[in-house]
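Structure, as structure tokens:
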Amino acid sequence: MNEHALRIAQVPDSVAGRRLDAVVAELFPEYSRSRLSAWIKSGDLSVDGATARPRDPVRGGETIALNVVEEVQTHAVAEDIPLSILYEDEHVFVLDKPAGLVVHPGAGNPAGTLVNALLHRDPALDKLPRAGIVHRLDKDTSGVMVVARTLVAQTALVAQLSARDVHRQYLAVVLGALVAGGTANAAIDRHPRDRLRMAVREDGKDAITHYRLRERFRSHTALECRLETGRTHQIRVHLAHLKYPIIGDPLYGGSLRLPKGASEELIACLRGFKRQALHAEVLEFMHPVSGAPVRCEAPLPADMQQLMHQLRADAASHAAIERARR
């Protein structure tokens with residue numbers, strides 16, 4: 001069922017001569033240009049009571065009447081799936097997504113997704129594109145996500161992401177002992193042969209990941225990664241490209257490699273870790289309505305805590321053996 005609301009605005013004299021579609025985009029910034037253009041063409045946006053074309057110039061002083069038609073954007077079914085909410089108000093949700101939860105319904109995942117869970121918690125999200133989701137995490141990546149609850153919030157958050165003003169910090173546990181951090185600046189696009197994978201490609205989209213050492217183990221490293229861009233699988237692709245693939249990554253991790261002299265406990269932990277050891281731990285953004293800074297942290301999940309514990313125990317055990325030999 002469609003819902004309607006009337007919005008009124010006056011065209012400033014200072015924009016005389018400019019195109020109508022460009023002017024209304026500034027008068028109603030909470031709506032996308034494509035949606036506003038569609039409303040102009042359908043007659044839901046009028047100028048002094050008359051229909052107009054997107055390219056028509058304005059004179060200044062006209063009255064714009066916008067009949068906002070809020071249509072259902074998603075037909076996913078609401079499902080009572082538990083969510084761990086880190087912060088919420090009438091404009092946004094910030095949640096801690098568990099590993100294994102798919103974000104969007106799709107082929108093979110028609111239900112049981114984050115979108116289904118969000119619609120149960122807030123049915124009005126069906127009026128927003130993608131149910132308010134502005135960025136995503138891979139199915140088996142855990143951690144913090146922000147979801148908009150209003151179109152104004154969604155538009156503002158998408159703008160922050162596009163301007164690279166959102167701080168997204170991850171913890172990744174990788175194969176290999178790094179000695180220093182750095183920046184991966186390598187374009188990414190769809191793999192030329194395997195459509196499930198992404199790849200570093202010269203003709204790809206700009207992709208930048210900053211990483212620094214968090215903790216070193218004998219044959220592995222915990223890295224703090226910060227996204228400057230947000231391409232699909234970006235951290236996973238960049239670290240694999242640097243020859244430091246994420247533990248457990250089914251697409252980019254390669255075959256299992258065990259450290260020499262590893263304990264049975266560590267071997268069992270590595271063999272049993274069946275998802276990429278990647279966790280979105282911090283998200284910082286400006287509140288889309290108040291402008292106040294918002295910072296949320298998602299605690300490290302139990303499987304990654306256990307992985308780090310076993311790697312520390314392995315490192316400590318071998319360090320003790322080395323000391324005893326001296």
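All residue names refer to the structure tokens as shown: chains lettered A, B, ... in order, residues numbered from 1 in each chain, ligands numbered from 1 in order.
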
Output as a compact mmCIF listing (two decimals) with N, CA and C atoms, in the first residue's frame all residues of range 68-253 of chain A that backbone DSSP marks as strand (DSSP E).
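Writing done, so here's part_30.txt:
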```txt
# COMPACT_ATOMS: atom_id res chain seq x y z
N VAL A 68 4.80 13.23 -2.06
CA VAL A 68 5.73 12.13 -1.83
C VAL A 68 4.96 10.81 -1.82
N VAL A 69 5.32 9.94 -2.72
CA VAL A 69 4.69 8.63 -2.81
C VAL A 69 5.66 7.60 -2.27
N GLU A 70 5.40 7.13 -1.07
CA GLU A 70 6.28 6.14 -0.44
C GLU A 70 5.78 4.75 -0.80
N SER A 84 21.61 -8.35 17.74
CA SER A 84 22.35 -7.69 18.81
C SER A 84 22.51 -6.22 18.44
N ILE A 85 21.71 -5.36 19.09
CA ILE A 85 21.70 -3.94 18.77
C ILE A 85 22.69 -3.20 19.68
N LEU A 86 23.61 -2.48 19.08
CA LEU A 86 24.62 -1.73 19.83
C LEU A 86 24.16 -0.30 20.12
N TYR A 87 23.32 0.24 19.22
CA TYR A 87 22.82 1.62 19.38
C TYR A 87 21.58 1.76 18.52
N GLU A 88 20.60 2.48 19.00
CA GLU A 88 19.44 2.76 18.16
C GLU A 88 18.75 4.04 18.61
N VAL A 92 18.44 5.55 13.18
CA VAL A 92 19.40 4.51 12.80
C VAL A 92 19.36 3.33 13.77
N PHE A 93 19.76 2.18 13.26
CA PHE A 93 20.17 1.03 14.07
C PHE A 93 21.66 0.84 13.86
N VAL A 94 22.40 0.50 14.90
CA VAL A 94 23.76 -0.02 14.75
C VAL A 94 23.75 -1.39 15.41
N LEU A 95 24.16 -2.41 14.66
CA LEU A 95 24.04 -3.78 15.15
C LEU A 95 25.34 -4.54 15.00
N ASP A 96 25.43 -5.63 15.73
CA ASP A 96 26.58 -6.53 15.67
C ASP A 96 26.13 -7.77 14.90
N LYS A 97 26.49 -7.87 13.62
CA LYS A 97 26.06 -8.99 12.79
C LYS A 97 26.90 -10.23 13.11
N SER A 142 31.88 -11.09 10.66
CA SER A 142 31.08 -10.63 11.79
C SER A 142 31.34 -9.16 12.05
N GLY A 143 30.46 -8.54 12.86
CA GLY A 143 30.77 -7.21 13.33
C GLY A 143 29.73 -6.14 13.09
N VAL A 144 30.17 -4.90 13.28
CA VAL A 144 29.29 -3.75 13.39
C VAL A 144 28.83 -3.24 12.02
N MET A 145 27.52 -2.95 11.93
CA MET A 145 26.90 -2.38 10.74
C MET A 145 25.93 -1.29 11.18
N VAL A 146 25.74 -0.27 10.32
CA VAL A 146 24.71 0.75 10.57
C VAL A 146 23.61 0.58 9.53
N VAL A 147 22.37 0.72 9.98
CA VAL A 147 21.20 0.63 9.12
C VAL A 147 20.35 1.87 9.34
N ALA A 148 19.95 2.53 8.26
CA ALA A 148 19.10 3.72 8.37
C ALA A 148 17.64 3.32 8.58
N HIS A 167 34.47 5.88 9.43
CA HIS A 167 35.63 5.10 9.88
C HIS A 167 35.19 3.67 10.09
N ARG A 168 35.77 2.74 9.29
CA ARG A 168 35.44 1.32 9.40
C ARG A 168 36.72 0.55 9.71
N GLN A 169 36.78 -0.02 10.88
CA GLN A 169 37.99 -0.70 11.35
C GLN A 169 37.69 -2.17 11.59
N TYR A 170 38.58 -3.03 11.09
CA TYR A 170 38.41 -4.48 11.16
C TYR A 170 39.60 -5.12 11.84
N LEU A 171 39.38 -6.30 12.38
CA LEU A 171 40.48 -7.15 12.85
C LEU A 171 40.53 -8.37 11.93
N ALA A 172 41.69 -8.61 11.34
CA ALA A 172 41.89 -9.77 10.48
C ALA A 172 43.06 -10.58 11.01
N VAL A 173 42.92 -11.90 11.04
CA VAL A 173 44.03 -12.78 11.44
C VAL A 173 44.49 -13.50 10.18
N VAL A 174 45.76 -13.29 9.81
CA VAL A 174 46.26 -13.75 8.52
C VAL A 174 47.39 -14.75 8.68
N LEU A 175 47.60 -15.49 7.61
CA LEU A 175 48.74 -16.41 7.54
C LEU A 175 49.99 -15.62 7.18
N GLY A 182 51.11 -1.18 6.52
CA GLY A 182 51.24 -0.52 5.22
C GLY A 182 49.88 -0.20 4.64
N THR A 183 49.85 0.07 3.35
CA THR A 183 48.62 0.38 2.63
C THR A 183 48.56 -0.43 1.36
N ALA A 184 47.42 -1.10 1.16
CA ALA A 184 47.18 -1.80 -0.10
C ALA A 184 46.35 -0.86 -0.98
N ASN A 185 46.95 -0.44 -2.07
CA ASN A 185 46.27 0.46 -3.02
C ASN A 185 46.25 -0.26 -4.36
N ILE A 188 40.14 -3.15 -7.68
CA ILE A 188 39.44 -4.43 -7.56
C ILE A 188 38.22 -4.45 -8.48
N ASP A 189 37.98 -5.61 -9.08
CA ASP A 189 36.75 -5.83 -9.85
C ASP A 189 36.46 -7.32 -9.89
N ARG A 190 35.39 -7.68 -10.57
CA ARG A 190 35.00 -9.08 -10.66
C ARG A 190 36.10 -9.90 -11.31
N MET A 198 36.26 -11.82 -6.44
CA MET A 198 36.79 -10.54 -6.90
C MET A 198 38.30 -10.72 -7.09
N ALA A 199 38.92 -9.76 -7.77
CA ALA A 199 40.35 -9.87 -8.03
C ALA A 199 40.95 -8.48 -8.20
N VAL A 200 42.25 -8.39 -7.92
CA VAL A 200 42.99 -7.15 -8.23
C VAL A 200 43.15 -7.07 -9.74
N ILE A 208 41.36 0.98 -1.55
CA ILE A 208 42.47 1.30 -0.65
C ILE A 208 42.17 0.74 0.74
N THR A 209 43.12 -0.06 1.25
CA THR A 209 43.02 -0.63 2.60
C THR A 209 44.30 -0.29 3.36
N HIS A 210 44.14 0.32 4.53
CA HIS A 210 45.29 0.57 5.41
C HIS A 210 45.33 -0.52 6.47
N TYR A 211 46.53 -1.02 6.78
CA TYR A 211 46.63 -2.08 7.78
C TYR A 211 47.84 -1.83 8.66
N ARG A 212 47.73 -2.24 9.93
CA ARG A 212 48.86 -2.13 10.85
C ARG A 212 48.86 -3.34 11.77
N LEU A 213 50.03 -3.64 12.31
CA LEU A 213 50.18 -4.81 13.16
C LEU A 213 49.45 -4.60 14.49
N ARG A 214 48.64 -5.57 14.85
CA ARG A 214 47.99 -5.57 16.15
C ARG A 214 48.71 -6.54 17.09
N GLU A 215 49.03 -7.73 16.55
CA GLU A 215 49.71 -8.74 17.37
C GLU A 215 50.40 -9.74 16.45
N ARG A 216 51.64 -10.09 16.77
CA ARG A 216 52.39 -11.06 15.96
C ARG A 216 52.47 -12.40 16.68
N HIS A 220 51.61 -16.35 12.13
CA HIS A 220 50.41 -15.62 11.81
C HIS A 220 50.50 -14.21 12.38
N THR A 221 49.60 -13.34 11.94
CA THR A 221 49.59 -11.96 12.41
C THR A 221 48.14 -11.49 12.53
N ALA A 222 47.85 -10.78 13.61
CA ALA A 222 46.57 -10.10 13.76
C ALA A 222 46.76 -8.67 13.25
N LEU A 223 45.94 -8.28 12.28
CA LEU A 223 46.06 -6.97 11.66
C LEU A 223 44.84 -6.11 11.94
N GLU A 224 45.07 -4.85 12.20
CA GLU A 224 44.00 -3.86 12.25
C GLU A 224 43.90 -3.23 10.87
N CYS A 225 42.75 -3.39 10.24
CA CYS A 225 42.57 -2.91 8.87
C CYS A 225 41.54 -1.79 8.86
N ARG A 226 41.84 -0.74 8.10
CA ARG A 226 40.90 0.38 7.96
C ARG A 226 40.56 0.57 6.49
N LEU A 227 39.29 0.58 6.20
CA LEU A 227 38.83 0.75 4.83
C LEU A 227 38.77 2.23 4.47
```

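With only C-alpha atoms as the atoms that count, the residue of A:Lys41, A:Arg295, A:Lys243, A:His104 with the shortest distance to Leu118 in chain A is A:His104.
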
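Neighbours of range 299-316 of chain A closer than or equal to 6 Å, with only C-alpha atoms counted and sequence neighbours fewer than 5 positions away skipped, come out as Phe217, Arg218 and Leu266 of chain A.
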
Written selection (C-alpha atoms) as a short mmCIF file (atom, residue, chain, number, x, y, z; two decimals), in the first residue's frame:
```cif
data_model
loop_
_atom_site.label_atom_id
_atom_site.label_comp_id
_atom_site.auth_asym_id
_atom_site.auth_seq_id
_atom_site.Cartn_x
_atom_site.Cartn_y
_atom_site.Cartn_z
CA PHE A 217 52.47 -14.81 16.43
CA ARG A 218 54.95 -17.40 15.14
CA LEU A 266 46.22 -25.16 17.52
#
```

12 Å contact set for Gly43 in chain A, only C-alpha atoms, chain neighbours under 4 positions out, as a PDB file with N, CA, C and O atoms, in the first residue's frame:
```pdb
ATOM      1  N   LEU A  36      13.314  11.893  -7.617  1.00  0.00           N
ATOM      2  CA  LEU A  36      12.693  13.194  -7.860  1.00  0.00           C
ATOM      3  C   LEU A  36      12.332  13.362  -9.338  1.00  0.00           C
ATOM      4  O   LEU A  36      11.255  13.865  -9.673  1.00  0.00           O
ATOM      5  N   SER A  37      13.222  12.937 -10.208  1.00  0.00           N
ATOM      6  CA  SER A  37      12.945  13.029 -11.644  1.00  0.00           C
ATOM      7  C   SER A  37      11.718  12.198 -12.011  1.00  0.00           C
ATOM      8  O   SER A  37      10.873  12.631 -12.819  1.00  0.00           O
ATOM      9  N   ALA A  38      11.590  11.006 -11.399  1.00  0.00           N
ATOM     10  CA  ALA A  38      10.424  10.163 -11.666  1.00  0.00           C
ATOM     11  C   ALA A  38       9.151  10.834 -11.184  1.00  0.00           C
ATOM     12  O   ALA A  38       8.106  10.765 -11.856  1.00  0.00           O
ATOM     13  N   TRP A  39       9.212  11.519 -10.047  1.00  0.00           N
ATOM     14  CA  TRP A  39       8.029  12.211  -9.535  1.00  0.00           C
ATOM     15  C   TRP A  39       7.658  13.411 -10.423  1.00  0.00           C
ATOM     16  O   TRP A  39       6.479  13.718 -10.586  1.00  0.00           O
ATOM     17  N   VAL A  47       4.813  22.576 -10.360  1.00  0.00           N
ATOM     18  CA  VAL A  47       5.387  23.918 -10.244  1.00  0.00           C
ATOM     19  C   VAL A  47       4.256  24.918 -10.432  1.00  0.00           C
ATOM     20  O   VAL A  47       3.647  24.984 -11.511  1.00  0.00           O
ATOM     21  N   GLY A  49       1.354  24.642  -9.395  1.00  0.00           N
ATOM     22  CA  GLY A  49       0.151  23.892  -9.696  1.00  0.00           C
ATOM     23  C   GLY A  49       0.119  23.211 -11.043  1.00  0.00           C
ATOM     24  O   GLY A  49      -0.862  22.538 -11.380  1.00  0.00           O
ATOM     25  N   ALA A  50       1.182  23.348 -11.835  1.00  0.00           N
ATOM     26  CA  ALA A  50       1.212  22.759 -13.175  1.00  0.00           C
ATOM     27  C   ALA A  50       2.325  21.729 -13.271  1.00  0.00           C
ATOM     28  O   ALA A  50       3.328  21.800 -12.543  1.00  0.00           O
ATOM     29  N   THR A  51       2.145  20.775 -14.158  1.00  0.00           N
ATOM     30  CA  THR A  51       3.204  19.804 -14.396  1.00  0.00           C
ATOM     31  C   THR A  51       4.346  20.460 -15.159  1.00  0.00           C
ATOM     32  O   THR A  51       4.171  21.496 -15.817  1.00  0.00           O
ATOM     33  N   ALA A  52       5.523  19.867 -15.082  1.00  0.00           N
ATOM     34  CA  ALA A  52       6.712  20.412 -15.744  1.00  0.00           C
ATOM     35  C   ALA A  52       7.603  19.263 -16.164  1.00  0.00           C
ATOM     36  O   ALA A  52       7.331  18.092 -15.861  1.00  0.00           O
ATOM     37  N   ARG A  53       8.670  19.612 -16.870  1.00  0.00           N
ATOM     38  CA  ARG A  53       9.640  18.608 -17.287  1.00  0.00           C
ATOM     39  C   ARG A  53      10.924  18.788 -16.483  1.00  0.00           C
ATOM     40  O   ARG A  53      11.236  19.917 -16.069  1.00  0.00           O
ATOM     41  N   PRO A  54      11.683  17.723 -16.276  1.00  0.00           N
ATOM     42  CA  PRO A  54      12.917  17.855 -15.494  1.00  0.00           C
ATOM     43  C   PRO A  54      13.869  18.921 -16.029  1.00  0.00           C
ATOM     44  O   PRO A  54      14.551  19.591 -15.250  1.00  0.00           O
ATOM     45  N   ILE A  64       6.834  24.925  -5.300  1.00  0.00           N
ATOM     46  CA  ILE A  64       6.975  23.511  -5.653  1.00  0.00           C
ATOM     47  C   ILE A  64       6.126  22.698  -4.691  1.00  0.00           C
ATOM     48  O   ILE A  64       6.282  22.815  -3.469  1.00  0.00           O
ATOM     49  N   ALA A  65       5.233  21.893  -5.227  1.00  0.00           N
ATOM     50  CA  ALA A  65       4.436  20.978  -4.408  1.00  0.00           C
ATOM     51  C   ALA A  65       4.857  19.552  -4.752  1.00  0.00           C
ATOM     52  O   ALA A  65       4.758  19.131  -5.906  1.00  0.00           O
ATOM     53  N   LEU A  66       5.338  18.844  -3.765  1.00  0.00           N
ATOM     54  CA  LEU A  66       5.804  17.474  -3.971  1.00  0.00           C
ATOM     55  C   LEU A  66       4.889  16.513  -3.225  1.00  0.00           C
ATOM     56  O   LEU A  66       4.795  16.555  -1.994  1.00  0.00           O
ATOM     57  N   ASN A  67       4.194  15.685  -3.987  1.00  0.00           N
ATOM     58  CA  ASN A  67       3.364  14.641  -3.394  1.00  0.00           C
ATOM     59  C   ASN A  67       4.235  13.393  -3.247  1.00  0.00           C
ATOM     60  O   ASN A  67       4.433  12.645  -4.201  1.00  0.00           O
ATOM     61  N   VAL A  68       4.796  13.226  -2.064  1.00  0.00           N
ATOM     62  CA  VAL A  68       5.727  12.128  -1.830  1.00  0.00           C
ATOM     63  C   VAL A  68       4.963  10.808  -1.815  1.00  0.00           C
ATOM     64  O   VAL A  68       4.046  10.615  -1.010  1.00  0.00           O
ATOM     65  N   VAL A  69       5.321   9.940  -2.723  1.00  0.00           N
ATOM     66  CA  VAL A  69       4.688   8.631  -2.811  1.00  0.00           C
ATOM     67  C   VAL A  69       5.663   7.599  -2.267  1.00  0.00           C
ATOM     68  O   VAL A  69       6.663   7.279  -2.907  1.00  0.00           O
TER      69      VAL A  69
END
```

Next on the checklist: For the structure I just gave you, how does DSSP split range 27-264 of chain A - specifically, which residues are alpha helix (DSSP H)? Reply as a ChimeraX atom specification.
Outcome noted: /A:27,33-42,114-121,151-162,234-241,264

Checklist entry - With distances taken over only C-alpha atoms, which of A:Thr150, A:Gln10, A:Thr155, A:Thr141 is nearest to Gln276 in chain A? => result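 Among the listed residues, the smallest separation from Gln276 in chain A belongs to A:Thr141.
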
Next on the checklist: For Arg197 in chain A, find every residue with an atom within 9 Å (counting only C-alpha atoms), except residues of its own chain fewer than 2 positions away, and show them as an NGL selection string.
Outcome noted: :A and (189-195 or 199 or 233 or 237 or 251-252)

For range 157-163 of chain A, find every residue with an atom within 8 Å (counting only C-alpha atoms), except residues of its own chain fewer than 2 positions away, and show them as a PDB file with all heavy atoms, in the first residue's frame.
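See part_29.pdb below for the written result:
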```pdb
ATOM      1  N   VAL A 134      22.911   0.468   4.186  1.00  0.00           N
ATOM      2  CA  VAL A 134      23.754   1.393   3.423  1.00  0.00           C
ATOM      3  C   VAL A 134      25.129   0.800   3.103  1.00  0.00           C
ATOM      4  O   VAL A 134      25.847   1.315   2.255  1.00  0.00           O
ATOM      5  CB  VAL A 134      23.933   2.747   4.163  1.00  0.00           C
ATOM      6  CG1 VAL A 134      22.598   3.453   4.296  1.00  0.00           C
ATOM      7  CG2 VAL A 134      24.568   2.558   5.540  1.00  0.00           C
ATOM      8  N   ALA A 148      19.945   2.531   8.265  1.00  0.00           N
ATOM      9  CA  ALA A 148      19.095   3.720   8.365  1.00  0.00           C
ATOM     10  C   ALA A 148      17.641   3.319   8.582  1.00  0.00           C
ATOM     11  O   ALA A 148      17.173   2.310   8.046  1.00  0.00           O
ATOM     12  CB  ALA A 148      19.228   4.555   7.102  1.00  0.00           C
ATOM     13  N   ALA A 153      18.009   9.726   6.787  1.00  0.00           N
ATOM     14  CA  ALA A 153      19.209   9.119   7.364  1.00  0.00           C
ATOM     15  C   ALA A 153      19.950   8.291   6.336  1.00  0.00           C
ATOM     16  O   ALA A 153      21.185   8.326   6.266  1.00  0.00           O
ATOM     17  CB  ALA A 153      18.829   8.255   8.569  1.00  0.00           C
ATOM     18  N   GLN A 154      19.223   7.545   5.521  1.00  0.00           N
ATOM     19  CA  GLN A 154      19.873   6.706   4.520  1.00  0.00           C
ATOM     20  C   GLN A 154      20.634   7.550   3.502  1.00  0.00           C
ATOM     21  O   GLN A 154      21.782   7.254   3.160  1.00  0.00           O
ATOM     22  CB  GLN A 154      18.845   5.828   3.812  1.00  0.00           C
ATOM     23  CG  GLN A 154      19.471   4.776   2.910  1.00  0.00           C
ATOM     24  CD  GLN A 154      18.443   3.823   2.350  1.00  0.00           C
ATOM     25  OE1 GLN A 154      17.287   4.192   2.117  1.00  0.00           O
ATOM     26  NE2 GLN A 154      18.839   2.564   2.136  1.00  0.00           N
ATOM     27  N   THR A 155      20.004   8.618   3.020  1.00  0.00           N
ATOM     28  CA  THR A 155      20.665   9.493   2.047  1.00  0.00           C
ATOM     29  C   THR A 155      21.929  10.103   2.637  1.00  0.00           C
ATOM     30  O   THR A 155      22.974  10.159   1.984  1.00  0.00           O
ATOM     31  CB  THR A 155      19.700  10.599   1.591  1.00  0.00           C
ATOM     32  OG1 THR A 155      18.524  10.004   1.035  1.00  0.00           O
ATOM     33  CG2 THR A 155      20.339  11.504   0.552  1.00  0.00           C
ATOM     34  N   ASP A 165      33.961   9.416   4.697  1.00  0.00           N
ATOM     35  CA  ASP A 165      33.953  10.040   6.011  1.00  0.00           C
ATOM     36  C   ASP A 165      33.550   9.082   7.126  1.00  0.00           C
ATOM     37  O   ASP A 165      33.440   9.487   8.278  1.00  0.00           O
ATOM     38  CB  ASP A 165      32.996  11.242   6.015  1.00  0.00           C
ATOM     39  CG  ASP A 165      33.498  12.401   5.169  1.00  0.00           C
ATOM     40  OD1 ASP A 165      34.737  12.510   4.997  1.00  0.00           O
ATOM     41  OD2 ASP A 165      32.665  13.187   4.677  1.00  0.00           O
ATOM     42  N   VAL A 166      33.306   7.822   6.789  1.00  0.00           N
ATOM     43  CA  VAL A 166      32.939   6.824   7.793  1.00  0.00           C
ATOM     44  C   VAL A 166      34.178   6.001   8.141  1.00  0.00           C
ATOM     45  O   VAL A 166      34.857   5.493   7.252  1.00  0.00           O
ATOM     46  CB  VAL A 166      31.817   5.904   7.268  1.00  0.00           C
ATOM     47  CG1 VAL A 166      31.488   4.814   8.292  1.00  0.00           C
ATOM     48  CG2 VAL A 166      30.569   6.717   6.935  1.00  0.00           C
ATOM     49  N   PHE A 285      30.771   7.327  12.651  1.00  0.00           N
ATOM     50  CA  PHE A 285      30.158   8.177  11.646  1.00  0.00           C
ATOM     51  C   PHE A 285      29.501   9.372  12.336  1.00  0.00           C
ATOM     52  O   PHE A 285      29.349   9.396  13.557  1.00  0.00           O
ATOM     53  CB  PHE A 285      29.115   7.393  10.826  1.00  0.00           C
ATOM     54  CG  PHE A 285      28.011   6.782  11.650  1.00  0.00           C
ATOM     55  CD1 PHE A 285      26.811   7.444  11.860  1.00  0.00           C
ATOM     56  CD2 PHE A 285      28.172   5.519  12.226  1.00  0.00           C
ATOM     57  CE1 PHE A 285      25.796   6.884  12.630  1.00  0.00           C
ATOM     58  CE2 PHE A 285      27.162   4.943  12.994  1.00  0.00           C
ATOM     59  CZ  PHE A 285      25.969   5.633  13.201  1.00  0.00           C
ATOM     60  N   PRO A 288      23.305  11.077  11.136  1.00  0.00           N
ATOM     61  CA  PRO A 288      22.779  11.669   9.908  1.00  0.00           C
ATOM     62  C   PRO A 288      21.793  12.809  10.117  1.00  0.00           C
ATOM     63  O   PRO A 288      21.511  13.560   9.173  1.00  0.00           O
ATOM     64  CB  PRO A 288      22.091  10.479   9.222  1.00  0.00           C
ATOM     65  CG  PRO A 288      21.787   9.519  10.321  1.00  0.00           C
ATOM     66  CD  PRO A 288      22.903   9.667  11.296  1.00  0.00           C
TER      67      PRO A 288
END
```
